[in-house]
$ cat target39.pdb   # PDB, C-alpha atoms
ATOM      1  CA  MET H  50     259.978  80.587  98.966
ATOM      2  CA  SER H  51     263.246  79.320  97.502
ATOM      3  CA  ARG H  52     263.246  76.341  99.914
ATOM      4  CA  VAL H  53     259.667  75.410  98.971
ATOM      5  CA  ASN H  54     260.611  75.525  95.310
ATOM      6  CA  GLU H  55     263.668  73.387  95.962
ATOM      7  CA  LEU H  56     261.634  70.808  97.888
ATOM      8  CA  ARG H  57     258.952  70.792  95.190
ATOM      9  CA  LEU H  58     261.504  69.786  92.555
ATOM     10  CA  ILE H  59     263.046  67.191  94.883
ATOM     11  CA  ALA H  60     259.589  65.728  95.498
ATOM     12  CA  ARG H  61     258.930  65.567  91.748
ATOM     13  CA  VAL H  62     262.216  63.745  91.161
ATOM     14  CA  ALA H  63     261.386  61.303  93.977
ATOM     15  CA  GLN H  64     257.932  60.697  92.511
ATOM     16  CA  MET H  65     259.331  59.979  89.073
ATOM     17  CA  TYR H  66     261.914  57.569  90.462
ATOM     18  CA  HIS H  67     259.987  55.724  93.204
ATOM     19  CA  VAL H  68     256.375  55.870  91.965
ATOM     20  CA  GLU H  69     256.690  56.098  88.180
ATOM     21  CA  LYS H  70     259.743  53.775  88.202
ATOM     22  CA  GLN H  71     261.736  55.924  85.782
ATOM     23  CA  ARG H  72     265.492  55.531  85.528
ATOM     24  CA  GLN H  73     267.733  58.305  86.836
ATOM     25  CA  ALA H  74     269.115  58.906  83.347
ATOM     26  CA  ASP H  75     265.595  59.380  81.934
ATOM     27  CA  ILE H  76     264.633  61.745  84.765
ATOM     28  CA  ALA H  77     267.755  63.835  84.109
ATOM     29  CA  LYS H  78     266.975  64.041  80.398
ATOM     30  CA  HIS H  79     263.313  64.932  81.007
ATOM     31  CA  LEU H  80     264.069  67.693  83.529
ATOM     32  CA  ARG H  81     267.204  68.930  81.746
ATOM     33  CA  ILE H  82     269.447  68.361  84.768
ATOM     34  CA  SER H  83     272.481  66.145  85.282
ATOM     35  CA  GLN H  84     272.196  62.566  86.518
ATOM     36  CA  ALA H  85     274.469  63.504  89.434
ATOM     37  CA  THR H  86     271.932  66.154  90.446
ATOM     38  CA  VAL H  87     269.139  63.570  90.280
ATOM     39  CA  SER H  88     271.142  61.289  92.558
ATOM     40  CA  ARG H  89     271.750  64.124  95.046
ATOM     41  CA  MET H  90     268.060  65.035  95.020
ATOM     42  CA  LEU H  91     267.020  61.449  95.749
ATOM     43  CA  LYS H  92     269.388  61.428  98.732
ATOM     44  CA  LYS H  93     267.976  64.792  99.845
ATOM     45  CA  ALA H  94     264.445  63.379  99.541
ATOM     46  CA  GLN H  95     265.337  60.796 102.177
ATOM     47  CA  ASP H  96     267.070  63.339 104.410
ATOM     48  CA  GLU H  97     264.006  65.612 104.279
ATOM     49  CA  GLU H  98     261.690  62.616 104.870
ATOM     50  CA  ILE H  99     259.920  63.264 101.584
ATOM     51  CA  VAL H 100     260.655  59.598 100.933
ATOM     52  CA  ARG H 101     260.265  57.273 103.909
ATOM     53  CA  THR H 102     261.121  53.597 104.002
ATOM     54  CA  THR H 103     258.599  51.349 105.730
ATOM     55  CA  VAL H 104     259.210  47.663 106.388
ATOM     56  CA  VAL H 105     255.973  45.723 106.822
ATOM     57  CA  ALA H 106     256.490  42.422 108.620
ATOM     58  CA  PRO H 107     254.817  39.552 106.724
ATOM     59  CA  SER H 108     252.038  37.609 108.412
ATOM     60  CA  GLY H 109     253.433  34.873 110.644
ATOM     61  CA  THR H 110     256.570  36.820 111.558
ATOM     62  CA  TYR H 111     257.247  38.699 114.786
ATOM     63  CA  ALA H 112     259.579  41.634 114.193
ATOM     64  CA  GLU H 113     258.731  43.359 117.504
ATOM     65  CA  LEU H 114     259.387  40.246 119.575
ATOM     66  CA  GLU H 115     262.654  39.662 117.727
ATOM     67  CA  ALA H 116     263.708  43.266 118.350
ATOM     68  CA  GLY H 117     262.767  42.851 122.017
ATOM     69  CA  LEU H 118     264.943  39.755 122.351
ATOM     70  CA  ARG H 119     267.884  41.447 120.622
ATOM     71  CA  SER H 120     267.609  44.479 122.877
ATOM     72  CA  ARG H 121     267.011  42.667 126.176
ATOM     73  CA  PHE H 122     269.716  40.021 125.784
ATOM     74  CA  GLY H 123     272.238  41.662 123.459
ATOM     75  CA  LEU H 124     271.724  39.140 120.688
ATOM     76  CA  SER H 125     273.016  39.805 117.191
ATOM     77  CA  GLU H 126     269.860  38.189 115.784
ATOM     78  CA  ALA H 127     266.676  36.472 116.972
ATOM     79  CA  ILE H 128     264.153  34.416 115.032
ATOM     80  CA  VAL H 129     260.657  33.960 116.470
ATOM     81  CA  VAL H 130     258.530  31.328 114.746
ATOM     82  CA  GLU H 131     254.779  31.054 114.412
ATOM     83  CA  CYS H 132     253.255  28.222 116.450
ATOM     84  CA  THR H 133     249.569  27.531 116.948
ATOM     85  CA  GLU H 134     249.947  25.861 120.342
ATOM     86  CA  ASP H 135     252.334  26.080 123.280
ATOM     87  CA  ARG H 136     253.238  22.392 123.082
ATOM     88  CA  ASP H 137     256.760  20.943 122.937
ATOM     89  CA  GLY H 138     256.297  18.708 119.889
ATOM     90  CA  ALA H 139     254.791  21.455 117.733
ATOM     91  CA  ILE H 140     257.379  23.986 118.951
ATOM     92  CA  MET H 141     260.348  21.730 118.149
ATOM     93  CA  ALA H 142     259.017  21.100 114.640
ATOM     94  CA  ARG H 143     258.582  24.813 113.827
ATOM     95  CA  ILE H 144     261.964  25.787 115.317
ATOM     96  CA  GLY H 145     263.640  22.973 113.391
ATOM     97  CA  GLU H 146     262.164  24.189 110.101
ATOM     98  CA  ALA H 147     263.261  27.792 110.703
ATOM     99  CA  ALA H 148     266.747  26.731 111.802
ATOM    100  CA  ALA H 149     267.197  24.585 108.686
ATOM    101  CA  HIS H 150     266.347  27.501 106.415
ATOM    102  CA  PHE H 151     268.641  29.877 108.294
ATOM    103  CA  VAL H 152     271.606  27.496 108.231
ATOM    104  CA  GLU H 153     271.113  26.812 104.518
ATOM    105  CA  ALA H 154     270.978  30.544 103.785
ATOM    106  CA  THR H 155     273.926  31.650 105.936
ATOM    107  CA  LEU H 156     276.412  28.763 105.972
ATOM    108  CA  GLN H 157     279.821  29.967 104.848
ATOM    109  CA  SER H 158     282.349  28.015 102.809
ATOM    110  CA  GLY H 159     284.843  26.102 104.941
ATOM    111  CA  GLU H 160     282.815  26.333 108.150
ATOM    112  CA  ILE H 161     283.523  23.924 110.989
ATOM    113  CA  ILE H 162     280.158  23.146 112.567
ATOM    114  CA  GLY H 163     279.800  21.921 116.129
ATOM    115  CA  VAL H 164     276.551  20.161 117.103
ATOM    116  CA  SER H 165     275.297  18.675 120.329
ATOM    117  CA  SER H 166     274.169  15.068 120.048
ATOM    118  CA  TRP H 167     271.109  14.689 122.190
ATOM    119  CA  SER H 168     268.758  17.458 121.048
ATOM    120  CA  GLU H 169     265.442  16.611 119.431
ATOM    121  CA  THR H 170     265.108  20.187 118.149
ATOM    122  CA  ILE H 171     268.483  20.023 116.386
ATOM    123  CA  LEU H 172     267.464  16.650 114.973
ATOM    124  CA  ARG H 173     264.340  18.310 113.529
ATOM    125  CA  MET H 174     266.588  20.946 111.958
ATOM    126  CA  VAL H 175     268.757  18.296 110.288
ATOM    127  CA  GLU H 176     265.655  16.523 108.976
ATOM    128  CA  ASN H 177     264.610  19.750 107.217
ATOM    129  CA  ILE H 178     267.934  20.736 105.622
ATOM    130  CA  HIS H 179     268.204  20.188 101.872
ATOM    131  CA  PRO H 180     271.392  18.750 100.367
ATOM    132  CA  MET H 181     273.760  21.532  99.386
ATOM    133  CA  LYS H 182     274.896  21.083  95.792
ATOM    134  CA  SER H 183     278.277  22.656  96.368
ATOM    135  CA  GLY H 184     279.473  21.335  99.713
ATOM    136  CA  LYS H 185     280.116  24.282 101.982
ATOM    137  CA  ALA H 186     281.246  23.006 105.365
ATOM    138  CA  LYS H 187     284.615  21.446 106.127
ATOM    139  CA  TYR H 188     283.833  19.420 109.260
ATOM    140  CA  VAL H 189     280.798  18.628 111.394
ATOM    141  CA  VAL H 190     282.037  18.001 114.923
ATOM    142  CA  GLN H 191     280.039  16.232 117.618
ATOM    143  CA  THR H 192     280.412  18.349 120.765
ATOM    144  CA  LEU H 193     278.950  15.933 123.325
ATOM    145  CA  GLY H 194     279.621  12.223 123.654
ATOM    146  CA  GLY H 195     277.261  10.332 121.368
ATOM    147  CA  MET H 196     277.237   6.847 122.845
ATOM    148  CA  GLY H 197     274.400   5.648 125.023
ATOM    149  CA  ASN H 198     271.283   3.500 124.942
ATOM    150  CA  PRO H 199     271.333   1.774 121.508
ATOM    151  CA  THR H 200     267.626   2.513 120.981
ATOM    152  CA  VAL H 201     268.330   6.266 120.786
ATOM    153  CA  GLN H 202     272.046   6.308 119.969
ATOM    154  CA  MET H 203     271.232   6.112 116.264
ATOM    155  CA  HIS H 204     269.625   9.559 116.556
ATOM    156  CA  ALA H 205     272.853  11.079 117.863
ATOM    157  CA  ASN H 206     274.904   9.405 115.151
ATOM    158  CA  GLN H 207     272.381  10.330 112.460
ATOM    159  CA  LEU H 208     272.388  13.945 113.580
ATOM    160  CA  THR H 209     276.143  14.326 113.074
ATOM    161  CA  THR H 210     276.687  12.122 110.025
ATOM    162  CA  ARG H 211     273.599  13.283 108.142
ATOM    163  CA  LEU H 212     274.371  16.960 108.722
ATOM    164  CA  ALA H 213     277.886  16.318 107.432
ATOM    165  CA  LYS H 214     276.549  14.616 104.311
ATOM    166  CA  LEU H 215     274.014  17.387 103.650
ATOM    167  CA  THR H 216     276.643  20.119 103.948
ATOM    168  CA  GLY H 217     279.402  18.246 102.101
ATOM    169  CA  ALA H 218     281.507  18.041 105.244
ATOM    170  CA  GLU H 219     283.584  15.369 106.947
ATOM    171  CA  ALA H 220     281.956  14.024 110.118
ATOM    172  CA  HIS H 221     283.930  13.816 113.359
ATOM    173  CA  VAL H 222     281.891  11.816 115.857
ATOM    174  CA  LEU H 223     282.698  11.694 119.552
ATOM    175  CA  SER H 224     282.600   7.966 120.204
ATOM    176  CA  THR H 225     282.216   8.114 123.967
ATOM    177  CA  PRO H 226     279.318   8.446 126.386
ATOM    178  CA  GLY H 227     278.320  12.014 127.181
ATOM    179  CA  VAL H 228     278.705  11.216 130.859
ATOM    180  CA  ALA H 229     281.459   8.927 132.139
ATOM    181  CA  GLN H 230     280.910   6.834 135.241
ATOM    182  CA  SER H 231     283.728   8.613 137.064
ATOM    183  CA  ARG H 232     286.494  11.152 136.563
ATOM    184  CA  GLU H 233     288.962   8.283 136.232
ATOM    185  CA  ALA H 234     286.826   6.579 133.584
ATOM    186  CA  LYS H 235     286.669   9.857 131.647
ATOM    187  CA  LEU H 236     290.475  10.133 131.656
ATOM    188  CA  VAL H 237     290.747   6.630 130.211
ATOM    189  CA  LEU H 238     288.260   7.471 127.442
ATOM    190  CA  LEU H 239     290.130  10.682 126.628
ATOM    191  CA  GLY H 240     293.234   8.594 126.022
ATOM    192  CA  ASP H 241     291.717   7.266 122.797
ATOM    193  CA  PRO H 242     293.420   9.063 119.847
ATOM    194  CA  PHE H 243     290.183   9.303 117.847
ATOM    195  CA  VAL H 244     288.405  10.927 120.798
ATOM    196  CA  ARG H 245     291.262  13.396 121.205
ATOM    197  CA  GLU H 246     291.243  14.175 117.491
ATOM    198  CA  THR H 247     287.574  15.176 117.628
ATOM    199  CA  MET H 248     287.924  17.180 120.844
ATOM    200  CA  ASP H 249     290.953  19.035 119.474
ATOM    201  CA  LEU H 250     288.623  20.417 116.804
ATOM    202  CA  PHE H 251     286.507  22.216 119.435
ATOM    203  CA  ALA H 252     288.882  25.189 119.318
ATOM    204  CA  ARG H 253     288.401  25.478 115.544
ATOM    205  CA  ILE H 254     284.582  25.466 115.461
ATOM    206  CA  THR H 255     283.207  28.513 113.636
ATOM    207  CA  LEU H 256     279.501  27.731 113.996
ATOM    208  CA  ALA H 257     278.049  25.968 117.038
ATOM    209  CA  ILE H 258     274.429  24.802 117.036
ATOM    210  CA  VAL H 259     273.228  24.074 120.561
ATOM    211  CA  GLY H 260     270.098  23.080 122.390
ATOM    212  CA  ILE H 261     269.196  24.448 125.811
ATOM    213  CA  GLY H 262     268.021  22.073 128.488
ATOM    214  CA  ALA H 263     266.327  22.539 131.838
ATOM    215  CA  VAL H 264     268.002  20.868 134.821
ATOM    216  CA  GLU H 265     265.452  18.078 134.420
ATOM    217  CA  PRO H 266     266.710  16.221 131.312
ATOM    218  CA  SER H 267     264.695  15.989 128.103
ATOM    219  CA  ALA H 268     263.029  12.711 127.173
ATOM    220  CA  MET H 269     265.649  11.995 124.482
ATOM    221  CA  LEU H 270     268.566  12.693 126.813
ATOM    222  CA  ALA H 271     266.981  10.629 129.591
ATOM    223  CA  ARG H 272     266.505   7.682 127.241
ATOM    224  CA  SER H 273     270.129   7.925 126.124
ATOM    225  CA  GLY H 274     271.419   7.255 129.627
ATOM    226  CA  ASN H 275     273.685  10.326 129.490
ATOM    227  CA  VAL H 276     272.199  11.825 132.626
ATOM    228  CA  PHE H 277     273.016  12.406 136.242
ATOM    229  CA  SER H 278     271.120  10.927 139.179
ATOM    230  CA  SER H 279     268.212  12.738 140.801
ATOM    231  CA  ARG H 280     270.402  13.477 143.804
ATOM    232  CA  GLU H 281     273.125  14.951 141.626
ATOM    233  CA  LEU H 282     270.636  17.120 139.736
ATOM    234  CA  ALA H 283     269.171  18.285 143.048
ATOM    235  CA  ASP H 284     272.682  19.420 144.011
ATOM    236  CA  VAL H 285     272.901  21.384 140.740
ATOM    237  CA  ALA H 286     269.570  23.094 141.482
ATOM    238  CA  GLU H 287     270.724  23.797 145.032
ATOM    239  CA  ALA H 288     273.812  25.491 143.587
ATOM    240  CA  GLY H 289     271.510  27.755 141.552
ATOM    241  CA  GLY H 290     271.530  25.868 138.255
ATOM    242  CA  VAL H 291     268.530  26.493 136.005
ATOM    243  CA  GLY H 292     269.661  24.870 132.763
ATOM    244  CA  ASP H 293     272.455  23.498 130.628
ATOM    245  CA  MET H 294     274.080  23.582 127.233
ATOM    246  CA  SER H 295     275.760  20.259 126.420
ATOM    247  CA  LEU H 296     275.408  19.219 130.095
ATOM    248  CA  ARG H 297     277.296  22.296 131.327
ATOM    249  CA  PHE H 298     275.135  24.140 133.847
ATOM    250  CA  PHE H 299     274.473  27.845 134.481
ATOM    251  CA  ASP H 300     272.265  29.888 136.808
ATOM    252  CA  SER H 301     269.555  32.459 136.069
ATOM    253  CA  THR H 302     272.095  35.292 135.812
ATOM    254  CA  GLY H 303     274.175  33.370 133.274
ATOM    255  CA  ALA H 304     276.991  32.526 135.687
ATOM    256  CA  PHE H 305     278.523  29.086 135.129
ATOM    257  CA  VAL H 306     277.627  26.566 137.840
ATOM    258  CA  LYS H 307     280.658  24.411 138.565
ATOM    259  CA  THR H 308     280.160  21.071 140.326
ATOM    260  CA  PRO H 309     282.105  17.782 140.418
ATOM    261  CA  LEU H 310     279.757  16.596 137.655
ATOM    262  CA  ASP H 311     281.807  18.630 135.147
ATOM    263  CA  ASP H 312     284.653  16.171 135.668
ATOM    264  CA  ARG H 313     282.501  13.401 134.176
ATOM    265  CA  VAL H 314     281.117  15.179 131.095
ATOM    266  CA  ILE H 315     282.860  14.427 127.806
ATOM    267  CA  GLY H 316     282.108  17.360 125.581
ATOM    268  CA  ILE H 317     282.617  21.042 124.931
ATOM    269  CA  THR H 318     282.775  23.386 127.927
ATOM    270  CA  LEU H 319     280.959  26.696 128.241
ATOM    271  CA  GLU H 320     284.330  28.449 128.187
ATOM    272  CA  GLU H 321     285.141  26.797 124.855
ATOM    273  CA  LEU H 322     281.668  27.573 123.518
ATOM    274  CA  ALA H 323     282.154  31.248 124.421
ATOM    275  CA  THR H 324     285.101  31.495 122.009
ATOM    276  CA  VAL H 325     283.101  30.274 118.986
ATOM    277  CA  ASP H 326     282.458  32.996 116.421
ATOM    278  CA  ARG H 327     278.747  32.192 115.960
ATOM    279  CA  VAL H 328     276.571  30.252 118.396
ATOM    280  CA  ILE H 329     272.988  29.457 117.400
ATOM    281  CA  ALA H 330     270.634  28.190 120.110
ATOM    282  CA  LEU H 331     267.442  26.297 119.280
ATOM    283  CA  ALA H 332     264.995  26.120 122.164
ATOM    284  CA  GLY H 333     261.418  26.819 123.207
ATOM    285  CA  GLY H 334     258.632  25.710 125.489
ATOM    286  CA  LYS H 335     257.250  26.737 128.858
ATOM    287  CA  SER H 336     259.316  24.226 130.831
ATOM    288  CA  LYS H 337     262.534  25.625 129.329
ATOM    289  CA  THR H 338     261.820  29.347 129.549
ATOM    290  CA  GLU H 339     263.874  29.945 132.699
ATOM    291  CA  ALA H 340     266.720  27.842 131.303
ATOM    292  CA  ILE H 341     266.646  29.801 128.030
ATOM    293  CA  ARG H 342     266.751  33.092 129.945
ATOM    294  CA  GLY H 343     269.768  31.896 131.915
ATOM    295  CA  ALA H 344     271.492  30.698 128.730
ATOM    296  CA  LEU H 345     270.933  34.086 127.072
ATOM    297  CA  ASN H 346     272.376  35.799 130.134
ATOM    298  CA  THR H 347     275.652  33.880 129.729
ATOM    299  CA  GLY H 348     276.444  36.089 126.733
ATOM    300  CA  ILE H 349     277.498  33.013 124.751
ATOM    301  CA  ILE H 350     274.558  32.898 122.344
ATOM    302  CA  ASP H 351     274.568  35.066 119.216
ATOM    303  CA  LEU H 352     271.293  33.926 117.665
ATOM    304  CA  LEU H 353     268.221  32.437 119.349
ATOM    305  CA  ILE H 354     265.528  30.605 117.390
ATOM    306  CA  THR H 355     262.414  30.159 119.513
ATOM    307  CA  ASP H 356     258.609  30.204 119.364
ATOM    308  CA  LYS H 357     256.294  33.159 119.893
ATOM    309  CA  PHE H 358     254.971  31.931 123.249
ATOM    310  CA  THR H 359     258.460  31.567 124.724
ATOM    311  CA  ALA H 360     259.555  34.886 123.210
ATOM    312  CA  GLU H 361     256.626  36.660 124.877
ATOM    313  CA  ARG H 362     257.611  35.192 128.240
ATOM    314  CA  LEU H 363     261.268  36.144 127.767
ATOM    315  CA  VAL H 364     260.594  39.795 126.927
ATOM    316  CA  ALA H 365     257.837  40.278 129.505
ATOM    317  CA  PRO H 366     258.696  42.930 132.147
ATOM    318  CA  ASP H 367     260.063  41.398 135.347
ATOM    319  CA  GLY H 368     256.877  42.204 137.224
ATOM    320  CA  GLN H 369     254.789  40.242 134.753
ATOM    321  CA  ARG H 370     257.199  37.309 134.421
ATOM    322  CA  GLU H 371     255.725  35.124 137.166
ATOM    323  CA  ALA H 372     252.207  35.428 135.758
ATOM    324  CA  ALA H 373     253.444  34.646 132.243
ATOM    325  CA  GLU H 374     255.311  31.546 133.365
TER     326      GLU H 374
END
$ encode --input "target39.pdb" --output "structure tokens"
Amino acid sequence: MSRVNELRLIARVAQMYHVEKQRQADIAKHLRISQATVSRMLKKAQDEEIVRTTVVAPSGTYAELEAGLRSRFGLSEAIVVECTEDRDGAIMARIGEAAAHFVEATLQSGEIIGVSSWSETILRMVENIHPMKSGKAKYVVQTLGGMGNPTVQMHANQLTTRLAKLTGAEAHVLSTPGVAQSREAKLVLLGDPFVRETMDLFARITLAIVGIGAVEPSAMLARSGNVFSSRELADVAEAGGVGDMSLRFFDSTGAFVKTPLDDRVIGITLEELATVDRVIALAGGKSKTEAIRGALNTGIIDLLITDKFTAERLVAPDGQREAAE
């Protein structure tokens, strides 16, 4: 009976502390025991499962899907956002809002942020970030050439410069096209000292924010002119490519797909991205699901922010994947 008596007293201490909200010092005084004993009993209450901690996920959050993504792809974190319809515009808006909040909450002092230029989802994130009173970041570095069709180029410039202003950082734009006409043309552009200065910062990036694209370019990227021809993209698909990050392609297993097109891209490589301490990917939508899966399989991404529909497809057992997609 001694154990029952011991547990009874432990349960009473736990009740006083957790339910009646009494302080440990008051419990000790009331029961005529030391405060150290109260502290030990509260620890014992947890060990004996007299006190159990339950986390109830708020409505509109998806803890199980997030846990599934972390487990399946080895992510450090995953954020799954509520979305009422499986439509690209709505998905980008919700992901952008969630990404803005996360960056605001977790940005460290002195960070060097790398951002891809031609991502509508990242643009939505920037539009939702609030100005940070005490500037936290040091630099915001454009990781893919930002020049292109003037009608959409302002979006690429705005993305980098506005994010820098919001975070109190210095902007380093990459004043070149994302895709050069030839390898020789790329070498000429890389000779510019301002271009080299920005690209030299790639190795110092501490936080990279990337979009994930399918082999077929997004509307924004297509309008920018920073794209490859249909024949060239067909060659990428033939080589097994399913998607890209900053116009660097990978296959469904996460292996990098190397083609002569790499010699024309002016931007960060997947190898460089893999060395960044924290890589956050913003992506969702049915047309990008296979690309997102391939990107996660590269092992480069630390945190994925996506929508519930895409998350369900990504964690679905392999046998159910085809039906889900």
$ resolve_selection --input "target39.pdb" --expression "the PyMOL selection byres ((chain H and resi 94-110) around 12)" --output "ChimeraX atom specification"
/H:52-53,55-68,87-93,111-116,127-133,143,147,355-357
$ closest_atom_pairs --input "target39.pdb" --of "range 109-184 of chain H" --to "range 242-253 of chain H" --cutoff "12 Å" --atoms "all atoms listed in the file" --output "JSON lines"
{"residue": "H:Gly159", "atom": "CA", "partner": "H:Arg253", "partner_atom": "CA", "distance": 11.2}
{"residue": "H:Glu160", "atom": "CA", "partner": "H:Arg253", "partner_atom": "CA", "distance": 9.3}
{"residue": "H:Ile161", "atom": "CA", "partner": "H:Arg253", "partner_atom": "CA", "distance": 6.9}
{"residue": "H:Ile162", "atom": "CA", "partner": "H:Arg253", "partner_atom": "CA", "distance": 9.1}
{"residue": "H:Gly163", "atom": "CA", "partner": "H:Phe251", "partner_atom": "CA", "distance": 7.5}
{"residue": "H:Val164", "atom": "CA", "partner": "H:Phe251", "partner_atom": "CA", "distance": 10.4}
{"residue": "H:Ser165", "atom": "CA", "partner": "H:Phe251", "partner_atom": "CA", "distance": 11.8}
$ atom_distance --input "target39.pdb" --atom1 "CA of Gly138 in chain H" --atom2 "CA of Val264 in chain H"
19.1 Å
$ resolve_selection --input "target39.pdb" --expression "the PyMOL selection byres ((chain H and resi 301) around 9)" --output "VMD selection string"
chain H and resid 289 to 292 299 to 300 302 to 304 339 to 344 346 to 347
$ atom_distance --input "target39.pdb" --atom1 "CA of Ala330 in chain H" --atom2 "CA of Ala142 in chain H"
14.7 Å
$ resolve_selection --input "target39.pdb" --expression "the PyMOL selection byres ((chain H and resi 320-322) around 10)" --output "list in words"
Gly163, Thr192, Phe251, Ala252, Arg253, Ile254, Leu256, Ala257, Val259, Met294, Ser295, Arg297, Phe305, Gly316, Ile317, Thr318, Leu319, Ala323, Thr324, Val325, Asp326, Arg327, Val328, Ile349 and Ile350 of chain H
$ atom_distance --input "target39.pdb" --atom1 "CA of Glu281 in chain H" --atom2 "CA of Leu331 in chain H"
25.7 Å
$ closest_residue --input "target39.pdb" --among "H:Glu219, H:Thr86, H:Leu310, H:Gly260" --to "Ile171 in chain H" --atoms "all atoms listed in the file"
H:Gly260
$ closest_residue --input "target39.pdb" --among "H:Gly145, H:Glu169, H:Gly194, H:Ala263" --to "Leu239 in chain H" --atoms "all atoms listed in the file"
H:Gly194
